[in-house]
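Novice: I have a structure here, written as structure tokens, and I will follow up with some questions on it.
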Amino acid sequence: MCCSLWAETLTVLVSLTLGAASDSITTNGGSLIRDLGDDTQLVCHVNTKQVVSQLTWQRKRDEQFINFFIIVFSNGRNQHFDDNFGGRMSFVGQGERNGTMELKNITLNDDGIYKCIFTLFPHGLLQETLSLSVRVPPIIVIEPYPDIPVADSGESNIATCLAKNAKPGATINWESPFHFSFTQSATPPAPNGTVTVSSPLRLSPTREMNGQHVYCVVEHPALKSPEILDYKLNIHYMKSVTITAVKTEQESLQLKCFADANPSPITYTWTKENDSFPKSITEQEDGILTLPRMTPDLAGLYACETYNKVGSAKAFLYLYAGVIAGKYNIVIIACGMLVREVYNQCFNMEMAPQVRLDEPFRMCTMSL
């Protein structure tokens, strides 16, 4: 870092009423820009043939310059240091004409104006000011909107990307595979000069967006490259319900109700058309209905209805029982249309004769 600072060196000529015209102070620029946590040198060299009797460093506080370091060369190099920097500031100059200070682990409180003053004999004071500007990278977070968006509800607030407590303020953009819009606004600067920038994302949610990703892209001078935060979309919806039938090892039949929904259904409700469930049927809370080996009283139209915060959806399944070779067998018709139409389509298409004698269950699934 020291070498790069010397590369910034420039010479400022200061003519004083009492000073010699050839006297000058060399600094590492009138304005220094450093990042939070950096180390830096406040370079100050005097170019003079006069006797240097004293070096003084000051810092501007509340419109006044206050001494924080004094070294007297004419009296055995006595020095006085009011350490307002927690041990991070030190004098590294060599010889009477090098008044360089080193500041380590820069904090936001170090931001400000500094003054280097040489006392020359016989002509008096020679001084120059340095401005240290500290850049602070943002703290970046994404906050979801309190109301979770619902599919097909029109343009909605999705989430807000925040670049907090940065100096200067950051720039925010969004990236998304979907059509979207966003705005950007900044808070007034805090007393320490930091700014918070916020950018809310808006889009028209659909079921297909649920689980997809959008990205907040933040740029700031203190960041080596743009910082990208990933946000997974959470879209509420209730699309549809399906019923599947599974034969268990115990030769019973399980009807399972599945919902394409977010959030997951709060309840599953099974019903049987024009009838109550036989006592042999067991119902579980996770949407599973268990039927024992087929008997005539189990035949009929079954419905599963699910609910979540968005709405409800319903699916039907028809069980048909017939006697083949002295045994009750079942044909399962999963349907979402009129039962009579499904029944006619399945059985008029000669699905039923395909039931083999050793198959207690057979499924005929209609694609709607």
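Just remember, in the structure tokens the first chain shown is A, the second B, etc., residues are 1-based per chain, and ligands are 1-based in the order shown.
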Using only C-alpha atoms, determine which residues lie at most 9 Å from region 125-135 of chain A, disregarding the query and same-chain residues fewer than 2 positions distant; provide the list as a ChimeraX atom specification.
Specialist: /A:12,14-16,18-19,23-36,42,44,46,106-121,123,137,166-168,221-222
Novice: Using only C-alpha atoms, tabulate the residues of region 212-304 of chain A lying at most 10 Å from any atom of region 154-158 of chain A, each with its closest atom pair and that distance in Å to one decimal, by chain and increasing residue number, as a Markdown table.
Specialist:
```
| residue | atom | partner | partner_atom | distance |
| --- | --- | --- | --- | --- |
| A:Leu233 | CA | A:Ile158 | CA | 7.9 |
| A:Asn234 | CA | A:Ile158 | CA | 8.7 |
| A:Ile235 | CA | A:Ile158 | CA | 9.1 |
```
Novice: Near Leu203 (chain A), within 12 Å and counting only C-alpha atoms, which residues show up once chain neighbours fewer than 3 positions away are dropped, as a short mmCIF file (atom, residue, chain, number, x, y, z; two decimals) with all heavy atoms, in the first residue's frame?
Specialist:
```cif
data_model
loop_
_atom_site.label_atom_id
_atom_site.label_comp_id
_atom_site.auth_asym_id
_atom_site.auth_seq_id
_atom_site.Cartn_x
_atom_site.Cartn_y
_atom_site.Cartn_z
N PRO A 149 -47.18 -13.22 -2.00
CA PRO A 149 -47.97 -13.05 -3.24
C PRO A 149 -48.74 -14.31 -3.61
O PRO A 149 -48.30 -15.43 -3.37
CB PRO A 149 -46.90 -12.72 -4.29
CG PRO A 149 -45.63 -13.27 -3.73
CD PRO A 149 -45.73 -13.14 -2.25
N VAL A 150 -49.91 -14.08 -4.23
CA VAL A 150 -50.79 -15.17 -4.65
C VAL A 150 -50.80 -15.21 -6.18
O VAL A 150 -50.86 -14.17 -6.85
CB VAL A 150 -52.22 -14.96 -4.11
CG1 VAL A 150 -53.15 -16.04 -4.62
CG2 VAL A 150 -52.21 -14.94 -2.59
N ALA A 151 -50.72 -16.40 -6.73
CA ALA A 151 -50.68 -16.57 -8.19
C ALA A 151 -51.90 -15.93 -8.84
O ALA A 151 -53.01 -15.98 -8.32
CB ALA A 151 -50.61 -18.05 -8.53
N ASP A 152 -51.64 -15.29 -9.99
CA ASP A 152 -52.69 -14.71 -10.83
C ASP A 152 -53.46 -13.60 -10.11
O ASP A 152 -54.64 -13.37 -10.40
CB ASP A 152 -53.66 -15.78 -11.31
CG ASP A 152 -52.95 -16.92 -12.04
OD1 ASP A 152 -52.02 -16.62 -12.82
OD2 ASP A 152 -53.30 -18.09 -11.81
N SER A 153 -52.79 -12.89 -9.21
CA SER A 153 -53.43 -11.79 -8.48
C SER A 153 -53.02 -10.43 -9.01
O SER A 153 -53.34 -9.40 -8.40
CB SER A 153 -53.10 -11.89 -6.99
OG SER A 153 -51.70 -11.80 -6.78
N GLY A 154 -52.30 -10.39 -10.13
CA GLY A 154 -51.84 -9.13 -10.68
C GLY A 154 -50.48 -8.73 -10.11
O GLY A 154 -49.90 -9.44 -9.29
N GLU A 155 -49.97 -7.60 -10.55
CA GLU A 155 -48.64 -7.17 -10.12
C GLU A 155 -48.62 -6.98 -8.60
O GLU A 155 -49.49 -6.34 -8.03
CB GLU A 155 -48.24 -5.87 -10.82
CG GLU A 155 -46.76 -5.51 -10.59
CD GLU A 155 -46.32 -4.30 -11.38
OE1 GLU A 155 -46.99 -3.25 -11.26
OE2 GLU A 155 -45.32 -4.38 -12.09
N SER A 156 -47.59 -7.55 -7.98
CA SER A 156 -47.52 -7.56 -6.52
C SER A 156 -46.11 -7.23 -6.06
O SER A 156 -45.12 -7.43 -6.78
CB SER A 156 -47.91 -8.94 -5.98
OG SER A 156 -49.15 -9.35 -6.47
N ASN A 157 -46.00 -6.71 -4.83
CA ASN A 157 -44.71 -6.54 -4.19
C ASN A 157 -44.18 -7.92 -3.79
O ASN A 157 -44.90 -8.71 -3.17
CB ASN A 157 -44.82 -5.65 -2.96
CG ASN A 157 -45.12 -4.21 -3.32
OD1 ASN A 157 -44.45 -3.64 -4.17
ND2 ASN A 157 -46.11 -3.62 -2.68
N ILE A 158 -42.94 -8.20 -4.15
CA ILE A 158 -42.37 -9.52 -3.88
C ILE A 158 -41.36 -9.45 -2.73
O ILE A 158 -41.47 -10.18 -1.75
CB ILE A 158 -41.70 -10.08 -5.14
CG1 ILE A 158 -42.70 -10.14 -6.29
CG2 ILE A 158 -41.11 -11.46 -4.85
CD1 ILE A 158 -43.91 -11.02 -6.04
N ALA A 159 -40.35 -8.62 -2.88
CA ALA A 159 -39.30 -8.51 -1.87
C ALA A 159 -38.58 -7.19 -2.06
O ALA A 159 -38.67 -6.54 -3.11
CB ALA A 159 -38.32 -9.68 -1.98
N TRP A 174 -32.00 -5.47 -10.24
CA TRP A 174 -32.56 -6.81 -10.12
C TRP A 174 -32.37 -7.56 -11.44
O TRP A 174 -32.41 -6.95 -12.52
CB TRP A 174 -34.04 -6.76 -9.79
CG TRP A 174 -34.36 -6.40 -8.37
CD1 TRP A 174 -34.56 -5.14 -7.86
CD2 TRP A 174 -34.52 -7.29 -7.27
NE1 TRP A 174 -34.84 -5.20 -6.52
CE2 TRP A 174 -34.83 -6.51 -6.13
CE3 TRP A 174 -34.45 -8.68 -7.13
CZ2 TRP A 174 -35.06 -7.07 -4.87
CZ3 TRP A 174 -34.67 -9.24 -5.89
CH2 TRP A 174 -34.97 -8.44 -4.78
N GLU A 175 -32.19 -8.87 -11.35
CA GLU A 175 -32.17 -9.74 -12.53
C GLU A 175 -33.18 -10.86 -12.32
O GLU A 175 -33.27 -11.43 -11.23
CB GLU A 175 -30.77 -10.32 -12.74
CG GLU A 175 -29.73 -9.28 -13.12
CD GLU A 175 -28.36 -9.88 -13.35
OE1 GLU A 175 -28.22 -11.12 -13.14
OE2 GLU A 175 -27.44 -9.15 -13.74
N SER A 176 -33.95 -11.16 -13.37
CA SER A 176 -35.01 -12.15 -13.27
C SER A 176 -35.35 -12.69 -14.65
O SER A 176 -35.28 -11.94 -15.63
CB SER A 176 -36.26 -11.54 -12.63
OG SER A 176 -37.38 -12.36 -12.78
N PRO A 177 -35.69 -13.97 -14.75
CA PRO A 177 -36.14 -14.50 -16.05
C PRO A 177 -37.56 -14.07 -16.39
O PRO A 177 -38.04 -14.35 -17.48
CB PRO A 177 -36.07 -16.02 -15.84
CG PRO A 177 -36.27 -16.21 -14.37
CD PRO A 177 -35.62 -15.02 -13.72
N PHE A 178 -38.23 -13.40 -15.46
CA PHE A 178 -39.62 -12.97 -15.67
C PHE A 178 -39.67 -11.45 -15.86
O PHE A 178 -38.76 -10.73 -15.47
CB PHE A 178 -40.48 -13.36 -14.47
CG PHE A 178 -40.24 -14.75 -13.97
CD1 PHE A 178 -39.59 -14.96 -12.76
CD2 PHE A 178 -40.63 -15.85 -14.71
CE1 PHE A 178 -39.34 -16.24 -12.29
CE2 PHE A 178 -40.39 -17.14 -14.25
CZ PHE A 178 -39.75 -17.32 -13.04
N HIS A 179 -40.77 -11.01 -16.43
CA HIS A 179 -40.99 -9.57 -16.54
C HIS A 179 -41.18 -8.99 -15.15
O HIS A 179 -41.94 -9.53 -14.34
CB HIS A 179 -42.22 -9.28 -17.41
CG HIS A 179 -42.54 -7.82 -17.51
ND1 HIS A 179 -41.80 -6.94 -18.26
CD2 HIS A 179 -43.52 -7.08 -16.91
CE1 HIS A 179 -42.31 -5.73 -18.14
NE2 HIS A 179 -43.35 -5.78 -17.33
N PHE A 180 -40.50 -7.89 -14.86
CA PHE A 180 -40.57 -7.31 -13.52
C PHE A 180 -40.32 -5.81 -13.59
O PHE A 180 -39.92 -5.25 -14.62
CB PHE A 180 -39.54 -7.96 -12.60
CG PHE A 180 -38.10 -7.65 -12.99
CD1 PHE A 180 -37.42 -6.61 -12.40
CD2 PHE A 180 -37.45 -8.42 -13.95
CE1 PHE A 180 -36.10 -6.32 -12.76
CE2 PHE A 180 -36.15 -8.14 -14.33
CZ PHE A 180 -35.47 -7.09 -13.72
N SER A 181 -40.57 -5.16 -12.48
CA SER A 181 -40.26 -3.73 -12.35
C SER A 181 -39.70 -3.49 -10.96
O SER A 181 -39.94 -4.28 -10.03
CB SER A 181 -41.51 -2.87 -12.58
OG SER A 181 -42.49 -3.13 -11.58
N PHE A 182 -38.91 -2.44 -10.81
CA PHE A 182 -38.38 -2.09 -9.50
C PHE A 182 -38.07 -0.60 -9.45
O PHE A 182 -37.92 0.06 -10.48
CB PHE A 182 -37.13 -2.91 -9.17
CG PHE A 182 -35.91 -2.54 -9.99
CD1 PHE A 182 -34.97 -1.65 -9.51
CD2 PHE A 182 -35.72 -3.10 -11.25
CE1 PHE A 182 -33.86 -1.32 -10.25
CE2 PHE A 182 -34.61 -2.77 -12.01
CZ PHE A 182 -33.67 -1.88 -11.51
N PRO A 200 -37.53 -2.15 -3.97
CA PRO A 200 -38.57 -3.20 -3.98
C PRO A 200 -38.78 -3.78 -5.38
O PRO A 200 -38.78 -3.05 -6.37
CB PRO A 200 -39.81 -2.45 -3.49
CG PRO A 200 -39.56 -1.02 -3.88
CD PRO A 200 -38.08 -0.80 -3.84
N THR A 206 -47.19 -16.05 -10.92
CA THR A 206 -47.90 -17.20 -11.45
C THR A 206 -47.44 -18.45 -10.70
O THR A 206 -46.41 -18.43 -10.01
CB THR A 206 -47.62 -17.40 -12.95
OG1 THR A 206 -46.22 -17.70 -13.13
CG2 THR A 206 -47.98 -16.14 -13.75
N MET A 209 -43.86 -19.66 -11.23
CA MET A 209 -42.76 -18.90 -10.63
C MET A 209 -42.35 -19.45 -9.27
O MET A 209 -41.23 -19.20 -8.80
CB MET A 209 -43.16 -17.43 -10.47
CG MET A 209 -43.31 -16.66 -11.75
SD MET A 209 -43.74 -14.94 -11.40
CE MET A 209 -43.97 -14.31 -13.05
N VAL A 214 -34.76 -15.12 -8.34
CA VAL A 214 -34.45 -13.78 -8.84
C VAL A 214 -33.20 -13.31 -8.09
O VAL A 214 -32.82 -13.89 -7.07
CB VAL A 214 -35.62 -12.80 -8.62
CG1 VAL A 214 -36.82 -13.20 -9.46
CG2 VAL A 214 -36.02 -12.72 -7.15
N LEU A 233 -38.35 -17.43 -4.96
CA LEU A 233 -39.73 -16.94 -4.95
C LEU A 233 -40.65 -17.91 -4.19
O LEU A 233 -40.57 -19.12 -4.36
CB LEU A 233 -40.25 -16.74 -6.37
CG LEU A 233 -39.56 -15.65 -7.19
CD1 LEU A 233 -40.09 -15.66 -8.62
CD2 LEU A 233 -39.77 -14.28 -6.56
N ILE A 235 -44.55 -18.32 -3.97
CA ILE A 235 -45.84 -17.92 -4.53
C ILE A 235 -46.91 -18.88 -4.01
O ILE A 235 -46.79 -20.09 -4.16
CB ILE A 235 -45.82 -17.94 -6.08
CG1 ILE A 235 -44.61 -17.16 -6.62
CG2 ILE A 235 -47.13 -17.40 -6.62
CD1 ILE A 235 -44.61 -15.70 -6.28
#
```
Novice: Would you kindly return, as number ranges by chain, each protein, DNA or RNA residue with an atom no farther than 7 Å from any atom of Trp270 (chain A), considering only C-alpha atoms and excluding same-chain residues fewer than 3 positions away?
Specialist: A: 303-305
Novice: Interatomic distance between CA of Ile148 (chain A) and CA of His213 (chain A)?
Specialist: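 Taking CA of Ile148 (chain A) and CA of His213 (chain A), their separation equals 15.4 Å.
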